[in-house]
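S.K.: Got a structure for you, query12.csv, holding CSV, C-alpha atoms.
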```
chain,number,residue,atom,x,y,z
A,4,MET,CA,0.0,0.0,0.0
A,5,PRO,CA,1.5,3.4,-0.9
A,6,LYS,CA,2.6,5.4,2.1
A,7,ILE,CA,0.1,8.2,1.6
A,8,LEU,CA,-2.8,5.8,1.5
A,9,LYS,CA,-2.5,4.7,5.1
A,10,PRO,CA,-3.2,8.1,6.7
A,11,LEU,CA,-5.9,8.9,4.1
A,12,VAL,CA,-7.7,5.7,5.0
A,13,VAL,CA,-7.5,6.5,8.7
A,14,ILE,CA,-8.8,10.0,8.1
A,15,VAL,CA,-11.8,8.9,6.0
A,16,LEU,CA,-12.6,6.2,8.6
A,17,ALA,CA,-12.3,8.6,11.5
A,18,VAL,CA,-14.5,11.2,9.9
A,19,ALA,CA,-17.1,8.6,9.0
A,20,VAL,CA,-17.1,7.1,12.5
A,21,ALA,CA,-17.3,10.6,14.1
A,22,ALA,CA,-20.2,11.5,11.9
A,23,GLY,CA,-22.0,8.3,12.7
A,24,ALA,CA,-21.4,8.8,16.5
A,25,ALA,CA,-22.6,12.4,16.3
A,26,VAL,CA,-25.8,11.5,14.5
A,27,TYR,CA,-26.4,8.6,16.9
A,28,LEU,CA,-25.8,10.8,20.0
A,29,SER,CA,-28.1,13.6,18.7
A,30,ARG,CA,-30.9,11.1,18.1
A,31,GLN,CA,-30.4,9.6,21.6
A,32,ALA,CA,-30.7,13.1,23.0
A,33,ASP,CA,-34.0,13.5,21.1
A,34,GLN,CA,-35.6,10.6,23.0
A,35,PRO,CA,-37.8,11.9,25.7
A,36,GLU,CA,-36.4,11.3,29.2
A,37,GLU,CA,-39.5,10.0,30.9
A,38,THR,CA,-38.1,10.0,34.4
A,39,ALA,CA,-36.6,13.6,34.2
A,40,ALA,CA,-39.3,15.2,32.1
A,41,PRO,CA,-42.7,13.6,32.0
A,42,THR,CA,-44.3,13.7,28.5
A,43,HIS,CA,-47.6,15.1,29.9
A,44,ALA,CA,-48.2,17.9,32.4
A,45,ASP,CA,-51.3,19.1,34.1
A,46,ILE,CA,-50.9,22.8,33.5
A,47,LYS,CA,-53.6,24.6,35.5
A,48,GLY,CA,-54.0,27.7,33.3
A,49,GLY,CA,-53.1,31.1,34.8
A,50,GLY,CA,-50.9,32.0,31.8
A,51,HIS,CA,-51.6,34.8,29.4
A,52,ILE,CA,-53.8,33.7,26.5
A,53,ARG,CA,-53.7,34.8,22.9
A,54,GLY,CA,-56.2,33.2,20.5
A,55,PRO,CA,-59.8,32.0,20.5
A,56,GLU,CA,-61.1,30.5,23.7
A,57,LYS,CA,-62.7,27.6,21.9
A,58,ALA,CA,-59.5,26.6,19.9
A,59,SER,CA,-59.0,22.9,19.8
A,60,LEU,CA,-55.3,23.2,20.6
A,61,THR,CA,-53.6,25.1,23.4
A,62,LEU,CA,-50.0,25.7,22.9
A,63,VAL,CA,-48.4,26.4,26.3
A,64,GLU,CA,-45.0,28.1,26.2
A,65,PHE,CA,-42.8,28.4,29.3
A,66,GLY,CA,-40.5,31.3,28.3
A,67,ASP,CA,-37.9,33.8,29.4
A,68,TYR,CA,-37.8,37.2,27.8
A,69,GLN,CA,-34.0,37.4,28.1
A,70,CYS,CA,-33.4,34.0,26.6
A,71,PRO,CA,-32.0,34.3,23.0
A,72,SER,CA,-33.6,31.0,22.1
A,73,CYS,CA,-37.1,32.2,23.2
A,74,GLY,CA,-36.4,35.3,21.1
A,75,ALA,CA,-35.5,33.0,18.1
A,76,TYR,CA,-38.8,31.0,18.6
A,77,HIS,CA,-41.0,34.1,19.0
A,78,PRO,CA,-41.5,34.9,15.3
A,79,LEU,CA,-42.3,31.2,14.7
A,80,VAL,CA,-44.9,31.2,17.4
A,81,LYS,CA,-46.5,34.3,16.0
A,82,GLU,CA,-46.5,32.9,12.5
A,83,ILE,CA,-48.0,29.6,13.6
A,84,GLN,CA,-50.8,31.5,15.3
A,85,ASN,CA,-51.4,33.4,12.0
A,86,ARG,CA,-51.6,30.1,10.1
A,87,TYR,CA,-54.0,28.4,12.5
A,88,PRO,CA,-56.1,31.4,13.8
A,89,GLN,CA,-59.2,29.4,14.7
A,90,GLN,CA,-57.6,26.1,15.8
A,91,LEU,CA,-54.7,27.3,18.0
A,92,ARG,CA,-54.3,29.5,21.0
A,93,LEU,CA,-51.2,30.4,22.9
A,94,GLU,CA,-50.8,30.3,26.7
A,95,PHE,CA,-47.6,32.0,27.8
A,96,HIS,CA,-46.1,31.3,31.2
A,97,HIS,CA,-43.1,33.2,32.6
A,98,PHE,CA,-40.1,31.1,33.4
A,99,PRO,CA,-37.3,33.6,34.0
A,100,LEU,CA,-34.0,31.9,34.6
A,101,VAL,CA,-32.8,34.7,36.9
A,102,SER,CA,-29.5,33.0,37.7
A,103,ILE,CA,-28.2,33.4,34.2
A,104,HIS,CA,-30.5,36.2,32.9
A,105,PRO,CA,-30.4,39.1,35.4
A,106,ASN,CA,-32.9,41.2,33.4
A,107,SER,CA,-35.4,38.4,32.8
A,108,MET,CA,-37.5,39.0,36.0
A,109,LEU,CA,-37.7,42.7,35.3
A,110,ALA,CA,-38.7,42.0,31.7
A,111,SER,CA,-41.5,39.7,33.0
A,112,LYS,CA,-42.6,42.4,35.3
A,113,ALA,CA,-42.6,44.9,32.4
A,114,ALA,CA,-44.9,42.6,30.5
A,115,GLU,CA,-47.2,42.2,33.5
A,116,ALA,CA,-47.1,45.9,34.1
A,117,ALA,CA,-48.2,46.6,30.5
A,118,GLY,CA,-50.9,43.9,31.1
A,119,GLU,CA,-52.3,45.9,33.9
A,120,GLN,CA,-53.1,48.5,31.3
A,121,GLY,CA,-54.5,45.9,28.9
A,122,ARG,CA,-51.4,45.8,26.7
A,123,TYR,CA,-49.7,42.6,27.8
A,124,TRP,CA,-49.2,41.1,24.3
A,125,GLU,CA,-47.9,44.3,22.8
A,126,MET,CA,-45.2,44.4,25.5
A,127,HIS,CA,-44.6,40.7,25.1
A,128,ASP,CA,-43.9,41.2,21.4
A,129,ALA,CA,-41.8,44.3,22.0
A,130,LEU,CA,-39.6,42.6,24.6
A,131,PHE,CA,-38.7,39.8,22.2
A,132,GLU,CA,-38.3,42.1,19.2
A,133,HIS,CA,-36.0,44.5,21.1
A,134,GLN,CA,-34.3,41.8,23.2
A,135,ARG,CA,-30.8,42.6,22.0
A,136,GLU,CA,-31.2,46.3,23.0
A,137,TRP,CA,-31.9,45.5,26.7
A,138,SER,CA,-30.6,42.0,27.2
A,139,ASP,CA,-27.0,43.0,28.1
A,140,SER,CA,-27.9,46.3,29.7
A,141,PRO,CA,-26.7,46.8,33.3
A,142,ASN,CA,-29.9,48.9,33.8
A,143,ALA,CA,-32.7,47.8,31.6
A,144,GLU,CA,-35.5,49.6,33.4
A,145,PRO,CA,-35.2,52.9,31.4
A,146,ILE,CA,-35.4,50.8,28.2
A,147,PHE,CA,-38.6,49.1,29.4
A,148,VAL,CA,-40.0,52.5,30.4
A,149,ALA,CA,-39.2,53.9,26.9
A,150,LEU,CA,-40.9,50.9,25.3
A,151,ALA,CA,-44.0,51.5,27.5
A,152,SER,CA,-43.9,55.2,26.6
A,153,GLN,CA,-43.7,54.4,22.8
A,154,MET,CA,-46.8,52.1,23.3
A,155,GLY,CA,-48.6,55.1,24.9
A,156,LEU,CA,-48.8,53.5,28.3
A,157,ASP,CA,-49.2,55.6,31.5
A,158,SER,CA,-45.6,55.8,32.7
A,159,ASN,CA,-46.5,56.2,36.4
A,160,LYS,CA,-48.8,53.2,36.4
A,161,PHE,CA,-46.2,51.3,34.5
A,162,MET,CA,-43.5,52.1,37.1
A,163,GLN,CA,-45.8,51.1,39.9
A,164,GLY,CA,-46.4,47.8,38.1
A,165,LEU,CA,-42.7,47.2,37.9
A,166,ARG,CA,-42.5,47.4,41.7
A,167,SER,CA,-45.7,45.6,42.4
A,168,PRO,CA,-45.3,42.5,44.7
A,169,GLN,CA,-48.6,41.2,43.3
A,170,LEU,CA,-47.3,41.1,39.8
A,171,GLN,CA,-44.1,39.4,41.0
A,172,ASP,CA,-46.2,36.8,42.7
A,173,ARG,CA,-48.0,36.1,39.5
A,174,ILE,CA,-44.7,35.5,37.8
A,175,LEU,CA,-43.5,33.2,40.6
A,176,ARG,CA,-46.8,31.2,40.3
A,177,ASP,CA,-45.9,30.6,36.7
A,178,VAL,CA,-42.4,29.5,37.7
A,179,GLU,CA,-43.8,27.1,40.2
A,180,GLN,CA,-46.1,25.6,37.5
A,181,GLY,CA,-43.1,25.2,35.3
A,182,GLN,CA,-41.1,23.5,38.0
A,183,ASN,CA,-44.0,21.2,38.7
A,184,ALA,CA,-44.1,20.3,35.0
A,185,LYS,CA,-40.4,19.6,35.2
A,186,VAL,CA,-39.5,22.4,32.8
A,187,ASP,CA,-35.7,22.3,32.5
A,188,ALA,CA,-35.0,24.5,29.5
A,189,VAL,CA,-36.6,27.5,27.8
A,190,PRO,CA,-38.6,27.7,25.7
A,191,THR,CA,-40.5,24.5,26.6
A,192,PHE,CA,-43.8,23.8,24.8
A,193,PHE,CA,-46.8,21.7,25.6
A,194,ILE,CA,-49.8,21.1,23.3
A,195,ASN,CA,-53.0,20.2,25.2
A,196,GLY,CA,-50.8,19.1,28.1
A,197,GLU,CA,-48.3,17.0,26.0
A,198,ARG,CA,-44.7,18.1,26.1
A,199,VAL,CA,-43.6,18.6,22.5
A,200,HIS,CA,-40.1,19.1,21.1
A,201,ILE,CA,-40.3,21.6,18.2
A,202,LYS,CA,-37.3,22.3,16.1
A,203,LEU,CA,-36.4,25.9,15.2
A,204,SER,CA,-38.1,25.8,11.9
A,205,MET,CA,-41.6,26.7,10.6
A,206,GLU,CA,-41.8,23.4,8.8
A,207,ASP,CA,-41.4,21.4,12.0
A,208,PHE,CA,-43.8,23.7,13.9
A,209,VAL,CA,-46.5,23.1,11.2
A,210,GLN,CA,-45.9,19.3,11.3
A,211,VAL,CA,-46.2,19.2,15.1
A,212,ILE,CA,-49.4,21.3,15.0
A,213,GLN,CA,-50.9,19.2,12.1
A,214,ALA,CA,-50.1,16.0,14.1
A,215,HIS,CA,-52.2,17.3,17.0
A,216,LEU,CA,-55.1,18.7,15.2
A,217,PRO,CA,-58.3,16.7,15.7
A,218,LYS,CA,-58.9,14.4,12.7
B,4,MET,CA,6.6,11.5,19.9
B,5,LYS,CA,4.3,9.1,18.2
B,6,THR,CA,2.4,8.5,21.5
B,7,ARG,CA,1.8,12.2,21.9
B,8,SER,CA,0.6,12.5,18.3
B,9,ALA,CA,-1.7,9.5,18.8
B,10,VAL,CA,-3.2,11.2,21.9
B,11,VAL,CA,-3.6,14.5,19.9
B,12,ALA,CA,-5.4,12.4,17.2
B,13,ILE,CA,-7.7,10.9,19.7
B,14,LEU,CA,-8.5,14.3,21.1
B,15,ALA,CA,-9.2,15.7,17.6
B,16,PHE,CA,-11.5,12.7,17.0
B,17,ILE,CA,-13.5,13.5,20.2
B,18,GLY,CA,-13.6,17.2,19.1
B,19,MET,CA,-15.0,16.1,15.7
B,20,VAL,CA,-17.8,14.2,17.4
B,21,ASP,CA,-18.5,17.1,19.8
B,22,ALA,CA,-18.5,19.8,17.0
B,23,LEU,CA,-20.6,17.6,14.7
B,24,TYR,CA,-23.1,16.9,17.5
B,25,LEU,CA,-23.5,20.6,18.2
B,26,SER,CA,-23.9,21.4,14.5
B,27,ILE,CA,-26.6,18.8,14.1
B,28,LYS,CA,-28.4,19.8,17.3
B,29,ARG,CA,-28.1,23.5,16.9
B,30,ASN,CA,-31.3,23.8,14.8
B,31,ALA,CA,-33.1,21.0,16.5
B,32,GLY,CA,-34.7,22.9,19.3
B,33,PRO,CA,-33.5,23.6,22.9
B,34,ILE,CA,-30.2,21.9,23.7
B,35,PRO,CA,-30.4,20.7,27.3
B,36,CYS,CA,-27.2,21.0,29.4
B,37,HIS,CA,-26.3,18.3,31.9
B,38,VAL,CA,-23.5,20.1,33.7
B,39,THR,CA,-23.8,23.8,33.0
B,40,ARG,CA,-26.8,26.0,32.3
B,41,GLY,CA,-27.4,28.0,29.2
B,42,CYS,CA,-26.4,25.7,26.2
B,43,THR,CA,-29.3,27.0,24.1
B,44,ASP,CA,-28.5,30.6,25.1
B,45,VAL,CA,-24.9,30.2,24.0
B,46,LEU,CA,-25.7,28.3,20.8
B,47,THR,CA,-28.4,30.7,19.6
B,48,SER,CA,-26.7,33.9,20.6
B,49,LYS,CA,-25.4,36.4,18.0
B,50,TYR,CA,-21.9,35.2,18.8
B,51,SER,CA,-22.7,31.6,17.7
B,52,GLU,CA,-22.2,32.3,14.0
B,53,ILE,CA,-19.9,34.1,11.6
B,54,ALA,CA,-21.4,35.4,8.4
B,55,GLY,CA,-24.4,33.1,8.9
B,56,ILE,CA,-22.3,30.0,9.4
B,57,PRO,CA,-22.5,28.4,12.9
B,58,ILE,CA,-19.2,28.4,14.7
B,59,SER,CA,-19.6,24.7,15.4
B,60,TRP,CA,-19.1,24.0,11.6
B,61,PHE,CA,-15.8,25.9,11.8
B,62,GLY,CA,-15.0,23.6,14.7
B,63,VAL,CA,-15.8,20.5,12.6
B,64,GLY,CA,-13.4,21.8,9.9
B,65,PHE,CA,-10.6,22.6,12.4
B,66,TYR,CA,-10.8,19.1,14.0
B,67,ILE,CA,-10.8,17.3,10.6
B,68,VAL,CA,-7.7,19.3,9.5
B,69,MET,CA,-6.0,18.7,12.8
B,70,PHE,CA,-6.8,15.0,12.7
B,71,SER,CA,-5.5,14.8,9.2
B,72,LEU,CA,-2.2,16.6,9.9
B,73,VAL,CA,-1.6,14.4,13.0
B,74,ALA,CA,-2.5,11.2,11.0
B,75,PHE,CA,0.2,12.2,8.4
B,76,LYS,CA,2.6,12.9,11.3
B,77,ILE,CA,2.0,9.5,12.8
B,78,PHE,CA,2.6,7.7,9.5
B,79,GLU,CA,5.6,9.8,8.3
B,80,ASP,CA,9.0,8.3,7.9
B,81,PRO,CA,10.8,8.7,11.2
B,82,LYS,CA,14.1,9.1,9.5
B,83,HIS,CA,12.8,12.1,7.6
B,84,PRO,CA,10.4,14.0,9.9
B,85,SER,CA,8.5,16.8,8.3
B,86,ASP,CA,9.2,20.2,9.9
B,87,TRP,CA,6.3,21.6,7.9
B,88,LEU,CA,3.8,19.1,9.5
B,89,THR,CA,5.2,19.7,13.0
B,90,ALA,CA,4.9,23.5,12.6
B,91,SER,CA,1.4,23.3,11.1
B,92,ILE,CA,0.1,21.2,14.0
B,93,PHE,CA,1.6,23.4,16.5
B,94,TYR,CA,0.5,26.8,15.0
B,95,LEU,CA,-3.0,25.4,14.2
B,96,ALA,CA,-3.4,24.3,17.8
B,97,GLY,CA,-2.1,27.7,19.0
B,98,ALA,CA,-4.6,29.6,16.8
B,99,ALA,CA,-7.4,27.4,17.9
B,100,LEU,CA,-6.4,28.0,21.5
B,101,VAL,CA,-6.7,31.8,21.0
B,102,VAL,CA,-10.1,31.4,19.4
B,103,SER,CA,-11.3,29.1,22.2
B,104,ALA,CA,-10.1,31.5,24.9
B,105,LEU,CA,-12.1,34.3,23.1
B,106,LEU,CA,-15.2,32.1,23.0
B,107,VAL,CA,-14.9,31.1,26.6
B,108,GLY,CA,-14.5,34.8,27.5
B,109,ILE,CA,-17.7,35.7,25.6
B,110,GLN,CA,-19.6,33.0,27.5
B,111,ALA,CA,-18.2,34.1,30.9
B,112,PHE,CA,-18.4,37.9,30.5
B,113,ILE,CA,-21.0,38.8,27.8
B,114,LEU,CA,-23.5,35.9,27.7
B,115,LYS,CA,-23.0,34.9,31.4
B,116,ALA,CA,-24.0,31.4,30.3
B,117,PHE,CA,-21.9,28.4,29.6
B,118,CYS,CA,-22.3,25.6,27.1
B,119,GLU,CA,-20.7,22.4,28.3
B,120,TYR,CA,-20.0,21.2,24.7
B,121,CYS,CA,-18.1,24.4,24.0
B,122,LEU,CA,-16.1,24.1,27.2
B,123,LEU,CA,-15.2,20.5,26.3
B,124,SER,CA,-13.9,21.8,23.0
B,125,ALA,CA,-11.8,24.4,24.8
B,126,VAL,CA,-10.3,21.8,27.1
B,127,LEU,CA,-9.6,19.6,24.1
B,128,VAL,CA,-7.9,22.4,22.2
B,129,LEU,CA,-5.8,23.4,25.3
B,130,THR,CA,-4.7,19.8,25.8
B,131,MET,CA,-3.9,19.4,22.1
B,132,PHE,CA,-1.8,22.6,22.2
B,133,LEU,CA,0.2,21.3,25.2
B,134,LEU,CA,0.8,17.9,23.6
B,135,ALA,CA,1.5,19.2,20.1
B,136,PRO,CA,5.1,18.7,19.0
B,137,SER,CA,6.8,22.0,19.2
B,138,PRO,CA,8.6,23.1,16.0
B,139,GLY,CA,11.5,24.4,18.0
B,140,ARG,CA,12.1,21.1,19.8
B,141,ARG,CA,14.4,19.1,17.5
B,142,LYS,CA,16.9,16.4,18.2
B,143,LEU,CA,20.5,17.3,17.4
B,144,PRO,CA,22.1,15.1,14.8
B,145,ALA,CA,24.2,12.4,16.3
```
So that I can check it, write out the structure of this file as structure tokens.

M.R.:
Amino acid sequence: MPKILKPLVVIVLAVAVAAGAAVYLSRQADQPEETAAPTHADIKGGGHIRGPEKASLTLVEFGDYQCPSCGAYHPLVKEIQNRYPQQLRLEFHHFPLVSIHPNSMLASKAAEAAGEQGRYWEMHDALFEHQREWSDSPNAEPIFVALASQMGLDSNKFMQGLRSPQLQDRILRDVEQGQNAKVDAVPTFFINGERVHIKLSMEDFVQVIQAHLPK
Amino acid sequence: MKTRSAVVAILAFIGMVDALYLSIKRNAGPIPCHVTRGCTDVLTSKYSEIAGIPISWFGVGFYIVMFSLVAFKIFEDPKHPSDWLTASIFYLAGAALVVSALLVGIQAFILKAFCEYCLLSAVLVLTMFLLAPSPGRRKLPA
């Protein structure tokens, strides 16, 4: 065998084995871990709802406004609601990972404070759409106040909301529900109580929704 | 020297699996961490890609090139060792170490979230750099 062939054979074999191992491991990781994360959860409402009350599917999202991944999923969630306006409703629950996202709790409070003035979903969308502007800020509050002001909210009421212990309690109730449902990453989605793994693609989102629509 | 090269080859192989795994998983939804917290945050942050290409794919390319160079080093004629191969392995590992340090810094100080797969890659690169044959270290002719 020519000398150059030996290393070439080893390289080709190594790349093939590595690719096989990576595909195998990624598929293993996709298998639901029943003991760590049950496939079903009894989520007792309480989240913010967007969509028709009589929709056959309820998409529950546990999300964190500072989480880049949640920000990446946000346009997909909006688009999927546009595609299934009658069949699907969204129920959003706060799940701020405060240990790694220092602005996430304040962002949740900003959404709740806007909700006190009937504008929860506008602030919800604005927080995700402007996530990069406030995410790394050492003082995000003025940015949230500016967003509220742009939306025409009463600034004083909004500021009161940001400091309201009742609104914080509401967020913490969501967190507790998430913990009970063994949420261990954000965003985590459930459809009619069933935990679903949705890839970051519209095609996959549509497939998952189609699979759950009543036949 | 061959033993050290063999160890570098094994590390490069592990790195290949790690980087390929991340590249496959990156667009497959949330990536759960088992040791650290924030894998998904790191892997979907604006720092996770260059010109639209996920950094993990650059990692795949690096590990394949590194493995290939080391494979040629292992099978080279011991009587005529290639200085070019030795220098390429050493400087490639050094460059990767600088990039890894930068990426760990971004995780620690900007994202404040760590991805265990990225940290594993950084440890692999550091170990490969320490084990890589140094181009300055040559035996004197007898």

S.K.: With all atoms listed in the file as the atoms that count, which of B:Ile77, B:Val38, B:Lys5, B:Ala54 lies nearest to chain A?

M.R.: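 The shortest atom-to-atom distance to chain A comes from B:Ile77.
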
S.K.: Which residues are close to His97 in chain A, i.e. within 7 Å by only C-alpha atoms, leaving aside same-chain residues fewer than 5 positions away? Reply as number ranges by chain.

M.R.: A: 65-67, 111, 174, 177-178

S.K.: Interatomic distance between CA of Leu100 in chain B and CA of Leu129 in chain B?

M.R.: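 Straight-line distance from CA of Leu100 in chain B to CA of Leu129 in chain B works out to 6.0 Å.
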
S.K.: Could you produce a table of the residues of chain A lying within 9 Å of chain B, with the nearest pair of atoms per residue and their separation in Å rounded to one decimal, using all atoms listed in the file, ordered by chain and increasing residue number, as CSV?

M.R.:
```
residue,atom,partner,partner_atom,distance
A:Lys6,CA,B:Phe78,CA,7.7
A:Ile7,CA,B:Phe75,CA,7.9
A:Lys9,CA,B:Phe78,CA,7.4
A:Pro10,CA,B:Ala74,CA,5.3
A:Leu11,CA,B:Ser71,CA,7.8
A:Val13,CA,B:Ala74,CA,7.2
A:Ile14,CA,B:Ser71,CA,5.9
A:Ala17,CA,B:Phe16,CA,6.9
A:Val18,CA,B:Ile67,CA,7.2
A:Val20,CA,B:Val20,CA,8.7
A:Ala21,CA,B:Val20,CA,4.9
A:Ala22,CA,B:Val20,CA,6.6
A:Gly23,CA,B:Val20,CA,8.6
A:Ala24,CA,B:Val20,CA,6.6
A:Ala25,CA,B:Tyr24,CA,4.7
A:Val26,CA,B:Tyr24,CA,6.7
A:Tyr27,CA,B:Tyr24,CA,9.0
A:Leu28,CA,B:Tyr24,CA,7.1
A:Ser29,CA,B:Tyr24,CA,6.1
A:Ala32,CA,B:Pro35,CA,8.7
A:Asp33,CA,B:Ala31,CA,8.8
A:Cys70,CA,B:Asp44,CA,6.1
A:Pro71,CA,B:Asp44,CA,5.5
A:Ser72,CA,B:Thr47,CA,5.8
A:Cys73,CA,B:Asp44,CA,9.0
A:Ala75,CA,B:Thr47,CA,7.6
A:Ile103,CA,B:Ala116,CA,6.1
A:His104,CA,B:Lys115,CA,7.8
A:Asp139,CA,B:Ile113,CA,7.3
A:Asp187,CA,B:Pro35,CA,7.6
A:Ala188,CA,B:Pro35,CA,6.4
A:Val189,CA,B:Pro33,CA,7.0
A:Pro190,CA,B:Pro33,CA,7.1
A:Thr191,CA,B:Pro33,CA,8.0
A:His200,CA,B:Gly32,CA,6.8
A:Ile201,CA,B:Gly32,CA,5.9
A:Lys202,CA,B:Gly32,CA,4.2
A:Leu203,CA,B:Gly32,CA,5.4
A:Ser204,CA,B:Asn30,CA,7.7
```

S.K.: Take CA of Leu14 in chain B and CA of Met69 in chain B and report the distance between them in Å, one decimal.

M.R.: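 Atom-to-atom, CA of Leu14 in chain B to CA of Met69 in chain B, that is 9.7 Å.
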
S.K.: What is the CA of Gln89 in chain A to CA of Pro55 in chain A distance in Å?

M.R.: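 Answer for the CA of Gln89 in chain A to CA of Pro55 in chain A separation: 6.4 Å.
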